[in-house]
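K.L.:
Contents are TSV, C-alpha atoms; file name structure.tsv:
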chain	number	residue	atom	x	y	z
M	1	MET	CA	192.71	10.28	-37.47
M	2	SER	CA	195.08	12.04	-39.86
M	3	THR	CA	198.25	13.63	-38.52
M	4	SER	CA	197.28	16.91	-40.17
M	5	ALA	CA	194.53	17.29	-37.56
M	6	ILE	CA	196.99	17.03	-34.67
M	7	THR	CA	198.72	20.12	-33.36
M	8	GLU	CA	202.14	20.10	-31.74
M	9	ALA	CA	200.66	20.33	-28.25
M	10	ALA	CA	198.86	17.15	-27.24
M	11	PRO	CA	195.84	17.48	-24.95
M	12	LEU	CA	196.20	17.26	-21.20
M	13	SER	CA	195.16	14.10	-19.39
M	14	LEU	CA	193.30	14.18	-16.10
M	15	CYS	CA	194.43	10.60	-15.54
M	16	ALA	CA	198.05	11.77	-15.52
M	17	ARG	CA	197.43	14.22	-12.69
M	18	GLU	CA	197.73	13.47	-8.98
M	19	PRO	CA	197.52	16.92	-7.34
M	20	HIS	CA	198.43	17.67	-3.75
M	21	VAL	CA	196.62	20.58	-2.12
M	22	PRO	CA	198.23	22.36	0.88
M	23	ALA	CA	196.02	23.42	3.77
M	24	ASP	CA	196.55	27.15	3.19
M	25	ARG	CA	195.09	26.78	-0.29
M	26	LEU	CA	191.98	25.15	1.17
M	27	VAL	CA	191.44	28.24	3.35
M	28	ALA	CA	192.21	30.77	0.61
M	29	GLU	CA	189.81	29.07	-1.78
M	30	MET	CA	186.82	29.29	0.57
M	31	VAL	CA	185.12	31.84	-1.66
M	32	PRO	CA	182.28	31.42	-4.19
M	33	PRO	CA	183.52	29.38	-7.16
M	34	PRO	CA	184.35	31.12	-10.45
M	35	ARG	CA	180.90	30.41	-11.91
M	36	PHE	CA	179.45	32.55	-9.13
M	37	ASP	CA	182.03	35.36	-9.09
M	38	ALA	CA	179.66	37.88	-10.65
M	39	VAL	CA	176.30	36.72	-9.26
M	40	ARG	CA	174.31	39.12	-7.16
M	41	PHE	CA	170.76	39.31	-5.90
M	42	ASP	CA	170.00	41.55	-8.88
M	43	THR	CA	171.14	38.86	-11.32
M	44	TYR	CA	168.87	36.21	-9.82
M	45	ILE	CA	165.76	36.07	-12.00
M	46	PRO	CA	162.86	34.75	-9.95
M	47	ASP	CA	160.34	32.54	-11.70
M	48	PRO	CA	157.14	34.65	-11.78
M	49	ASN	CA	155.16	31.49	-11.03
M	50	GLN	CA	157.15	30.85	-7.84
M	51	PRO	CA	156.63	33.71	-5.34
M	52	SER	CA	158.86	31.95	-2.79
M	53	GLN	CA	161.85	32.84	-4.97
M	54	THR	CA	161.15	36.57	-4.76
M	55	GLN	CA	160.55	36.28	-1.02
M	56	ALA	CA	163.87	34.46	-0.55
M	57	VAL	CA	165.75	37.30	-2.23
M	58	GLU	CA	164.08	39.87	0.01
M	59	VAL	CA	164.81	37.92	3.19
M	60	LEU	CA	168.44	37.32	2.25
M	61	ARG	CA	169.00	40.97	1.38
M	62	SER	CA	167.76	41.90	4.82
M	63	PHE	CA	169.88	39.19	6.43
M	64	ALA	CA	173.03	40.49	4.71
M	65	THR	CA	172.26	44.05	5.78
M	66	GLY	CA	171.79	42.89	9.36
M	67	LEU	CA	175.30	41.45	9.36
M	68	GLY	CA	176.78	44.86	8.70
M	69	GLY	CA	177.10	45.68	12.39
M	70	ALA	CA	177.70	42.14	13.61
M	71	HIS	CA	181.13	40.78	14.28
M	72	ALA	CA	182.39	37.48	15.50
M	73	SER	CA	184.89	36.70	18.20
M	74	GLY	CA	187.31	38.93	16.36
M	75	ALA	CA	185.83	41.73	18.44
M	76	GLY	CA	189.34	42.43	19.60
M	77	ARG	CA	189.95	43.90	16.19
M	78	ARG	CA	187.62	46.80	17.05
M	79	ARG	CA	189.21	49.99	18.22
M	80	TRP	CA	188.82	50.67	21.94
M	81	PHE	CA	186.55	53.67	21.37
M	82	GLN	CA	184.08	51.82	19.14
M	83	LYS	CA	180.83	50.65	20.64
M	84	LYS	CA	180.18	46.95	20.66
M	85	PRO	CA	177.82	46.33	17.74
M	86	ALA	CA	174.39	45.12	18.62
M	87	ALA	CA	173.62	41.53	17.74
M	88	PRO	CA	171.19	41.33	14.82
M	89	ALA	CA	167.62	40.42	15.66
M	90	GLY	CA	166.34	36.96	14.76
M	91	PRO	CA	168.21	33.76	13.94
M	92	ARG	CA	171.91	33.93	13.16
M	93	GLY	CA	171.51	31.50	10.29
M	94	VAL	CA	169.42	30.86	7.19
M	95	TYR	CA	168.78	27.55	5.49
M	96	LEU	CA	167.83	27.59	1.80
M	97	ASP	CA	165.39	24.74	1.29
M	98	GLY	CA	164.56	23.61	-2.21
M	99	GLY	CA	165.17	21.15	-5.04
M	100	TYR	CA	168.17	21.12	-7.32
M	101	GLY	CA	168.41	23.79	-9.97
M	102	VAL	CA	166.23	26.45	-8.29
M	103	GLY	CA	169.21	28.73	-7.76
M	104	LYS	CA	170.11	28.03	-4.13
M	105	THR	CA	173.85	28.32	-4.78
M	106	HIS	CA	173.30	31.54	-6.75
M	107	LEU	CA	171.45	32.99	-3.75
M	108	LEU	CA	174.02	31.68	-1.26
M	109	ALA	CA	176.86	33.26	-3.25
M	110	SER	CA	174.85	36.49	-3.58
M	111	LEU	CA	174.53	36.57	0.22
M	112	TRP	CA	178.31	36.17	0.52
M	113	HIS	CA	178.89	39.05	-1.91
M	114	ALA	CA	176.25	41.28	-0.27
M	115	THR	CA	177.51	40.84	3.29
M	116	PRO	CA	179.45	44.02	4.19
M	117	ALA	CA	182.74	42.50	5.28
M	118	GLU	CA	186.17	41.94	3.82
M	119	PRO	CA	186.51	38.65	1.90
M	120	SER	CA	188.94	37.43	4.57
M	121	LEU	CA	186.07	37.64	7.09
M	122	LYS	CA	183.67	35.59	4.96
M	123	ALA	CA	183.93	31.93	3.97
M	124	PHE	CA	182.07	29.96	1.32
M	125	GLY	CA	182.44	26.27	0.62
M	126	THR	CA	180.67	23.00	0.16
M	127	PHE	CA	180.16	20.63	3.04
M	128	VAL	CA	182.87	18.38	1.59
M	129	GLU	CA	185.30	21.29	1.40
M	130	LEU	CA	184.57	22.16	5.02
M	131	THR	CA	185.22	18.60	6.23
M	132	ASN	CA	188.42	18.59	4.18
M	133	LEU	CA	189.47	21.80	5.93
M	134	VAL	CA	188.93	20.17	9.33
M	135	GLY	CA	190.98	17.20	8.17
M	136	ALA	CA	193.80	19.43	7.00
M	137	LEU	CA	193.91	21.90	9.91
M	138	GLY	CA	192.46	19.89	12.78
M	139	PHE	CA	189.27	20.77	14.63
M	140	GLN	CA	190.64	23.39	17.03
M	141	GLN	CA	192.63	25.22	14.36
M	142	THR	CA	189.58	25.28	12.08
M	143	VAL	CA	187.55	26.87	14.89
M	144	ALA	CA	190.32	29.43	15.40
M	145	THR	CA	190.58	30.10	11.65
M	146	LEU	CA	186.86	30.57	11.03
M	147	GLY	CA	185.87	31.91	14.47
M	148	GLY	CA	186.74	35.50	13.56
M	149	HIS	CA	184.58	35.42	10.44
M	150	ARG	CA	181.36	37.31	10.03
M	151	LEU	CA	179.69	34.74	7.76
M	152	LEU	CA	180.13	31.09	6.84
M	153	CYS	CA	178.19	29.79	3.83
M	154	ILE	CA	177.93	26.00	3.42
M	155	ASP	CA	176.64	24.69	0.12
M	156	GLU	CA	175.29	21.13	-0.20
M	157	PHE	CA	175.28	20.17	3.47
M	158	GLU	CA	175.71	16.38	3.38
M	159	LEU	CA	172.88	14.96	5.46
M	160	ASP	CA	173.59	11.45	4.18
M	161	ASP	CA	176.86	11.07	6.11
M	162	PRO	CA	176.01	10.83	9.85
M	163	GLY	CA	179.62	10.96	11.04
M	164	ASP	CA	180.53	14.07	9.09
M	165	THR	CA	177.19	15.66	9.98
M	166	VAL	CA	178.01	15.33	13.68
M	167	LEU	CA	181.51	16.70	13.10
M	168	VAL	CA	180.33	19.75	11.19
M	169	SER	CA	177.39	20.34	13.54
M	170	THR	CA	179.84	20.43	16.46
M	171	LEU	CA	182.04	22.84	14.52
M	172	LEU	CA	179.08	25.08	13.72
M	173	GLY	CA	178.13	25.12	17.40
M	174	LYS	CA	181.57	26.50	18.25
M	175	LEU	CA	181.33	29.08	15.48
M	176	VAL	CA	177.85	30.21	16.53
M	177	ASP	CA	179.18	30.66	20.07
M	178	ALA	CA	181.91	32.85	18.55
M	179	GLY	CA	179.28	34.99	16.80
M	180	VAL	CA	179.65	33.71	13.24
M	181	ALA	CA	176.50	33.96	11.11
M	182	LEU	CA	175.64	30.84	9.12
M	183	ALA	CA	173.92	30.11	5.81
M	184	ALA	CA	173.44	26.68	4.29
M	185	THR	CA	171.83	24.56	1.61
M	186	SER	CA	171.62	20.77	1.76
M	187	ASN	CA	170.71	17.58	0.00
M	188	THR	CA	168.03	15.20	1.22
M	189	LEU	CA	168.53	12.24	3.51
M	190	PRO	CA	168.54	8.74	2.02
M	191	GLY	CA	165.01	7.42	1.89
M	192	LYS	CA	163.42	10.87	1.54
M	193	LEU	CA	162.49	10.27	-2.04
M	194	GLY	CA	159.12	11.92	-2.57
M	195	GLU	CA	158.97	14.27	-5.52
M	196	GLY	CA	158.83	17.85	-4.33
M	197	ARG	CA	159.97	17.01	-0.80
M	198	PHE	CA	162.37	19.41	0.78
M	199	ALA	CA	165.07	18.82	3.34
M	200	ALA	CA	164.32	21.47	5.96
M	201	ALA	CA	162.94	19.10	8.60
M	202	ASP	CA	165.80	16.66	8.02
M	203	PHE	CA	168.39	19.41	8.15
M	204	LEU	CA	167.07	20.98	11.35
M	205	ARG	CA	166.79	17.59	13.04
M	206	GLU	CA	170.28	16.50	12.07
M	207	ILE	CA	171.93	19.65	13.39
M	208	GLN	CA	169.88	19.25	16.59
M	209	GLY	CA	170.90	21.98	19.03
M	210	LEU	CA	171.74	24.38	16.21
M	211	SER	CA	168.26	24.32	14.68
M	212	ALA	CA	167.14	27.39	16.63
M	213	HIS	CA	169.86	29.38	14.89
M	214	PHE	CA	168.42	28.76	11.41
M	215	ARG	CA	165.47	30.27	9.62
M	216	PRO	CA	164.35	27.94	6.81
M	217	LEU	CA	163.62	29.63	3.48
M	218	ARG	CA	161.67	27.41	1.13
M	219	ILE	CA	162.44	27.98	-2.55
M	220	ASP	CA	160.06	26.24	-4.93
M	221	GLY	CA	160.66	25.82	-8.64
M	222	GLU	CA	161.92	23.64	-11.44
M	223	ASP	CA	165.53	23.20	-12.52
M	224	TYR	CA	166.36	26.61	-14.01
M	225	ARG	CA	169.02	25.08	-16.27
M	226	HIS	CA	166.25	23.39	-18.25
M	227	ARG	CA	163.73	26.22	-18.40
M	228	GLY	CA	163.19	27.00	-22.04
M	229	LEU	CA	166.53	25.48	-23.04
M	230	PRO	CA	167.04	22.93	-25.82
M	231	GLU	CA	167.67	19.29	-25.06
M	232	ALA	CA	171.26	18.31	-24.34
M	233	PRO	CA	173.25	17.68	-27.51
M	234	ALA	CA	173.66	14.08	-28.51
M	235	PRO	CA	177.10	12.58	-27.85
M	236	TYR	CA	179.66	12.96	-30.60
M	237	ALA	CA	181.81	10.34	-32.29
M	238	ASP	CA	185.15	9.42	-30.73
M	239	GLU	CA	187.00	11.01	-33.65
M	240	GLN	CA	185.11	14.30	-33.27
M	241	VAL	CA	185.92	14.49	-29.57
M	242	THR	CA	189.58	13.65	-30.17
M	243	ARG	CA	189.92	16.26	-32.93
M	244	ALA	CA	188.31	18.88	-30.73
M	245	ALA	CA	190.69	18.04	-27.87
M	246	TYR	CA	193.74	18.51	-30.07
M	247	ALA	CA	192.34	21.72	-31.58
M	248	THR	CA	191.42	23.34	-28.24
M	249	PRO	CA	194.26	24.86	-26.20
M	250	GLY	CA	194.12	23.68	-22.60
M	251	ALA	CA	191.72	20.82	-23.30
M	252	SER	CA	192.06	17.44	-21.64
M	253	LEU	CA	191.36	14.12	-23.33
M	254	ASP	CA	190.63	10.92	-21.43
M	255	ASP	CA	188.86	7.63	-21.88
M	256	PHE	CA	185.85	7.74	-19.57
M	257	PRO	CA	186.27	4.33	-17.90
M	258	HIS	CA	189.94	5.07	-17.24
M	259	LEU	CA	189.03	8.44	-15.72
M	260	LEU	CA	186.57	6.74	-13.36
M	261	GLU	CA	189.36	4.40	-12.25
M	262	HIS	CA	191.69	7.36	-11.70
M	263	LEU	CA	189.16	9.22	-9.57
M	264	ALA	CA	189.33	6.33	-7.10
M	265	ARG	CA	193.03	7.11	-6.58
M	266	VAL	CA	192.57	10.86	-5.99
M	267	HIS	CA	190.87	12.19	-2.87
M	268	PRO	CA	187.72	14.17	-3.78
M	269	SER	CA	189.15	17.21	-1.98
M	270	ARG	CA	191.65	17.41	-4.84
M	271	TYR	CA	189.19	17.23	-7.73
M	272	GLY	CA	189.22	21.01	-8.05
M	273	ALA	CA	193.01	21.01	-8.35
M	274	LEU	CA	192.69	18.12	-10.81
M	275	THR	CA	191.05	20.56	-13.21
M	276	ASP	CA	193.47	23.49	-12.70
M	277	ASP	CA	194.07	25.33	-15.99
M	278	VAL	CA	191.85	22.90	-17.92
M	279	ARG	CA	189.82	24.81	-20.52
M	280	ALA	CA	187.66	21.90	-21.67
M	281	VAL	CA	187.21	18.26	-20.71
M	282	CYS	CA	186.94	15.81	-23.60
M	283	LEU	CA	185.82	12.26	-22.83
M	284	THR	CA	185.59	9.26	-25.11
M	285	GLY	CA	183.57	6.14	-24.55
M	286	VAL	CA	181.10	7.31	-21.90
M	287	THR	CA	179.44	4.25	-20.36
M	288	PRO	CA	177.08	3.70	-17.41
M	289	VAL	CA	178.73	4.19	-14.03
M	290	PRO	CA	179.35	0.71	-12.60
M	291	ASP	CA	178.68	1.20	-8.88
M	292	GLN	CA	177.60	3.71	-6.28
M	293	SER	CA	181.06	4.58	-4.94
M	294	THR	CA	182.19	5.46	-8.45
M	295	ALA	CA	178.97	7.38	-9.04
M	296	LEU	CA	179.46	9.53	-5.94
M	297	ARG	CA	183.01	10.39	-6.99
M	298	LEU	CA	181.72	11.41	-10.42
M	299	VAL	CA	179.15	13.66	-8.73
M	300	VAL	CA	181.97	15.55	-6.98
M	301	LEU	CA	183.91	15.94	-10.23
M	302	ALA	CA	180.77	17.19	-11.99
M	303	ASP	CA	180.31	19.79	-9.24
M	304	ARG	CA	183.88	21.03	-9.54
M	305	LEU	CA	183.65	21.25	-13.35
M	306	TYR	CA	180.35	23.10	-13.11
M	307	ASP	CA	181.75	25.52	-10.52
M	308	ARG	CA	184.62	26.33	-12.87
M	309	GLU	CA	182.46	26.47	-16.02
M	310	VAL	CA	184.58	23.86	-17.81
M	311	PRO	CA	182.72	22.59	-20.90
M	312	VAL	CA	182.50	18.81	-21.31
M	313	LEU	CA	182.54	17.20	-24.76
M	314	ALA	CA	181.84	13.46	-24.84
M	315	SER	CA	181.27	10.43	-27.01
M	316	GLY	CA	179.40	7.29	-26.02
M	317	LEU	CA	176.17	7.37	-24.05
M	318	PRO	CA	174.35	10.63	-23.24
M	319	PHE	CA	174.75	11.89	-19.70
M	320	ASP	CA	171.18	11.04	-18.71
M	321	LYS	CA	172.15	7.37	-19.10
M	322	LEU	CA	175.09	7.52	-16.66
M	323	PHE	CA	173.23	6.21	-13.62
M	324	SER	CA	171.11	3.08	-13.36
M	325	ASP	CA	167.42	3.16	-12.49
M	326	GLU	CA	168.34	1.66	-9.13
M	327	MET	CA	170.68	4.59	-8.42
M	328	LEU	CA	168.15	7.16	-9.57
M	329	ASN	CA	165.54	5.66	-7.26
M	330	GLY	CA	167.90	5.25	-4.31
M	331	GLY	CA	168.94	7.41	-1.41
M	332	TYR	CA	171.41	9.50	-3.40
M	333	ARG	CA	169.04	10.26	-6.27
M	334	LYS	CA	169.21	14.01	-5.72
M	335	LYS	CA	172.97	13.99	-6.14
M	336	TYR	CA	172.72	11.97	-9.34
M	337	PHE	CA	170.06	14.21	-10.86
M	338	ARG	CA	172.17	17.23	-9.96
M	339	ALA	CA	175.16	15.68	-11.72
M	340	ILE	CA	173.07	14.92	-14.82
M	341	SER	CA	171.72	18.47	-14.83
M	342	ARG	CA	175.16	20.03	-14.48
M	343	LEU	CA	176.90	17.79	-17.00
M	344	THR	CA	174.07	18.46	-19.45
M	345	ALA	CA	174.62	22.21	-19.05
M	346	LEU	CA	178.36	21.76	-19.61
M	347	ALA	CA	177.70	19.60	-22.67
M	348	ARG	CA	175.72	22.48	-24.16
M	349	ASP	CA	178.63	24.80	-23.43
M	350	ALA	CA	180.93	22.43	-25.35
M	351	LYS	CA	179.01	22.46	-28.63
M	352	GLY	CA	181.21	25.24	-30.01
M	353	LEU	CA	184.32	23.08	-29.68
M	354	VAL	CA	183.24	20.81	-32.53
M	355	ALA	CA	184.08	22.09	-36.01
M	356	GLN	CA	180.93	22.62	-38.05
As structure tokens, please, write out the structure in this file.

P.N.:
Amino acid sequence: MSTSAITEAAPLSLCAREPHVPADRLVAEMVPPPRFDAVRFDTYIPDPNQPSQTQAVEVLRSFATGLGGAHASGAGRRRWFQKKPAAPAGPRGVYLDGGYGVGKTHLLASLWHATPAEPSLKAFGTFVELTNLVGALGFQQTVATLGGHRLLCIDEFELDDPGDTVLVSTLLGKLVDAGVALAATSNTLPGKLGEGRFAAADFLREIQGLSAHFRPLRIDGEDYRHRGLPEAPAPYADEQVTRAAYATPGASLDDFPHLLEHLARVHPSRYGALTDDVRAVCLTGVTPVPDQSTALRLVVLADRLYDREVPVLASGLPFDKLFSDEMLNGGYRKKYFRAISRLTALARDAKGLVAQ
């Protein structure tokens, strides 16, 4: 690579970062991720061939409206002359049940935006982010922090981790008792591998005593990111990726195998902070992921990059070759397909970084 192609500012390196995230940031960041800042029910485009999608929007609109008069244990914030608001009719929770890419997170974020409450009285996060919050604050302080909220939205409820499922189910029980409304999506349990199967029965069984608080909403459909879209661009050459990294302000540049090694040294709760101020991620030498632990860490990074709309430019193998057939047929297959889908979308976003 000629020196004329290199600017004065070298690219960032994710491998050089080891972020530390204070607990107060974890709480403040429990809002829909940047990708979903502007989503609303009106911006969700139902597939005309999937009536369940239109029905889900209608039910969620009504659910949000019903939360307008509901308040949690923060009832003490009401003025003495105000009447105690009536509890909304029906379940205090909704569970969005469907495959990856049907827009569950879009709908969950739209519910958060549509709920008539101050942002400080609404929380939105993934299951992993919620468990990280408990780890940072402690169980009782987390209950106290979230117990005055009107709504808690949990994206990607992790049914494949029994210990964390029990922890979060216990937390949700405390929050329901405090009057907090709940909304959730989830992945499938290991072993539930049938095409088209949904996780509602698994979810309701795993949360046991809380199941009565949830109304399942089935959302059928194919991955919207691939509807009518071109195939993912083929990987570029190492030199193209490197040139693009140097030419793009705020881009990072890392060797893919080295990045996988680095992810093992950074707790997944910090992967969002790992990408702070990164405008594009450039990776050279993409190879198959060597083992399941590494693969699951990569899934978390893919989620954080997708949330933040960070384009990913890569050389080496295409992203649909990241995971082995054994992984794609195993208990975490849904996570791996989600990662492939999201990285493919980000690879399309990165096409403009390469000089034509």

K.L.:
Go through M:Ala314, M:Leu111, M:Leu26, M:Leu204 and flag the residue nearest Thr287 of chain M, using all atoms listed in the file for the distances.

P.N.:
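So, comparing all the options, the nearest one is M:Ala314.
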
K.L.:
Excluding same-chain residues fewer than 2 positions from Phe157 of chain M, what lies within 6 Å of it counting all atoms listed in the file, as a count of residues only?

P.N.:
4

K.L.:
Would you kindly return, as a PyMOL selection string, each protein, DNA or RNA residue with an atom no farther than 8 Å from any atom of segment 130-137 of chain M, considering all atoms listed in the file and excluding same-chain residues fewer than 6 positions away?

P.N.:
chain M and resi 23+26-27+154+164+168+269

K.L.:
Could you take the residues named above and write them with C-alpha atoms, as a tab-separated table (two decimals), keeping the file's coordinate frame?

P.N.:
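The file below, selection_39.tsv, is the result:
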chain	number	residue	atom	x	y	z
M	23	ALA	CA	196.02	23.42	3.77
M	26	LEU	CA	191.98	25.15	1.17
M	27	VAL	CA	191.44	28.24	3.35
M	154	ILE	CA	177.93	26.00	3.42
M	164	ASP	CA	180.53	14.07	9.09
M	168	VAL	CA	180.33	19.75	11.19
M	269	SER	CA	189.15	17.21	-1.98

K.L.:
To one decimal place, how far is atom CA of Val128 of chain M from atom CA of Leu67 of chain M in Å?

P.N.:
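Going from atom CA of Val128 of chain M over to atom CA of Leu67 of chain M covers 25.5 Å.
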
K.L.:
Rounded to one decimal in Å, what is the spacing between atom CA of Val31 of chain M and atom CA of Arg304 of chain M?

P.N.:
13.4 Å

K.L.:
Quick one: segment 167-184 of chain M with N, CA and C atoms, as a PDB file, in the frame of the given file?

P.N.:
ATOM      1  N   LEU M 167     180.282  15.906  13.046  1.00  0.00           N
ATOM      2  CA  LEU M 167     181.510  16.700  13.100  1.00  0.00           C
ATOM      3  C   LEU M 167     181.248  18.156  12.753  1.00  0.00           C
ATOM      4  N   VAL M 168     180.567  18.378  11.632  1.00  0.00           N
ATOM      5  CA  VAL M 168     180.330  19.750  11.190  1.00  0.00           C
ATOM      6  C   VAL M 168     179.331  20.451  12.108  1.00  0.00           C
ATOM      7  N   SER M 169     178.331  19.729  12.611  1.00  0.00           N
ATOM      8  CA  SER M 169     177.390  20.340  13.540  1.00  0.00           C
ATOM      9  C   SER M 169     178.097  20.825  14.799  1.00  0.00           C
ATOM     10  N   THR M 170     179.054  20.024  15.289  1.00  0.00           N
ATOM     11  CA  THR M 170     179.840  20.430  16.460  1.00  0.00           C
ATOM     12  C   THR M 170     180.671  21.668  16.136  1.00  0.00           C
ATOM     13  N   LEU M 171     181.274  21.677  14.952  1.00  0.00           N
ATOM     14  CA  LEU M 171     182.040  22.840  14.520  1.00  0.00           C
ATOM     15  C   LEU M 171     181.162  24.080  14.441  1.00  0.00           C
ATOM     16  N   LEU M 172     179.976  23.935  13.854  1.00  0.00           N
ATOM     17  CA  LEU M 172     179.080  25.080  13.720  1.00  0.00           C
ATOM     18  C   LEU M 172     178.652  25.605  15.083  1.00  0.00           C
ATOM     19  N   GLY M 173     178.471  24.692  16.047  1.00  0.00           N
ATOM     20  CA  GLY M 173     178.130  25.120  17.400  1.00  0.00           C
ATOM     21  C   GLY M 173     179.203  26.031  17.974  1.00  0.00           C
ATOM     22  N   LYS M 174     180.463  25.667  17.774  1.00  0.00           N
ATOM     23  CA  LYS M 174     181.570  26.500  18.250  1.00  0.00           C
ATOM     24  C   LYS M 174     181.584  27.854  17.541  1.00  0.00           C
ATOM     25  N   LEU M 175     181.300  27.839  16.245  1.00  0.00           N
ATOM     26  CA  LEU M 175     181.330  29.080  15.480  1.00  0.00           C
ATOM     27  C   LEU M 175     180.161  29.997  15.849  1.00  0.00           C
ATOM     28  N   VAL M 176     178.999  29.405  16.089  1.00  0.00           N
ATOM     29  CA  VAL M 176     177.850  30.210  16.530  1.00  0.00           C
ATOM     30  C   VAL M 176     178.167  30.868  17.872  1.00  0.00           C
ATOM     31  N   ASP M 177     178.787  30.099  18.773  1.00  0.00           N
ATOM     32  CA  ASP M 177     179.180  30.660  20.070  1.00  0.00           C
ATOM     33  C   ASP M 177     180.147  31.836  19.892  1.00  0.00           C
ATOM     34  N   ALA M 178     180.947  31.773  18.818  1.00  0.00           N
ATOM     35  CA  ALA M 178     181.910  32.850  18.550  1.00  0.00           C
ATOM     36  C   ALA M 178     181.258  34.031  17.838  1.00  0.00           C
ATOM     37  N   GLY M 179     179.989  33.890  17.449  1.00  0.00           N
ATOM     38  CA  GLY M 179     179.280  34.990  16.800  1.00  0.00           C
ATOM     39  C   GLY M 179     179.250  34.948  15.295  1.00  0.00           C
ATOM     40  N   VAL M 180     179.644  33.831  14.696  1.00  0.00           N
ATOM     41  CA  VAL M 180     179.650  33.710  13.240  1.00  0.00           C
ATOM     42  C   VAL M 180     178.237  33.459  12.746  1.00  0.00           C
ATOM     43  N   ALA M 181     177.794  34.201  11.751  1.00  0.00           N
ATOM     44  CA  ALA M 181     176.500  33.960  11.110  1.00  0.00           C
ATOM     45  C   ALA M 181     176.654  32.811  10.116  1.00  0.00           C
ATOM     46  N   LEU M 182     175.589  32.037   9.950  1.00  0.00           N
ATOM     47  CA  LEU M 182     175.640  30.840   9.120  1.00  0.00           C
ATOM     48  C   LEU M 182     174.581  30.898   8.017  1.00  0.00           C
ATOM     49  N   ALA M 183     174.893  30.301   6.884  1.00  0.00           N
ATOM     50  CA  ALA M 183     173.920  30.110   5.810  1.00  0.00           C
ATOM     51  C   ALA M 183     174.228  28.774   5.166  1.00  0.00           C
ATOM     52  N   ALA M 184     173.202  28.023   4.797  1.00  0.00           N
ATOM     53  CA  ALA M 184     173.440  26.680   4.290  1.00  0.00           C
ATOM     54  C   ALA M 184     172.369  26.253   3.298  1.00  0.00           C
TER      55      ALA M 184
END
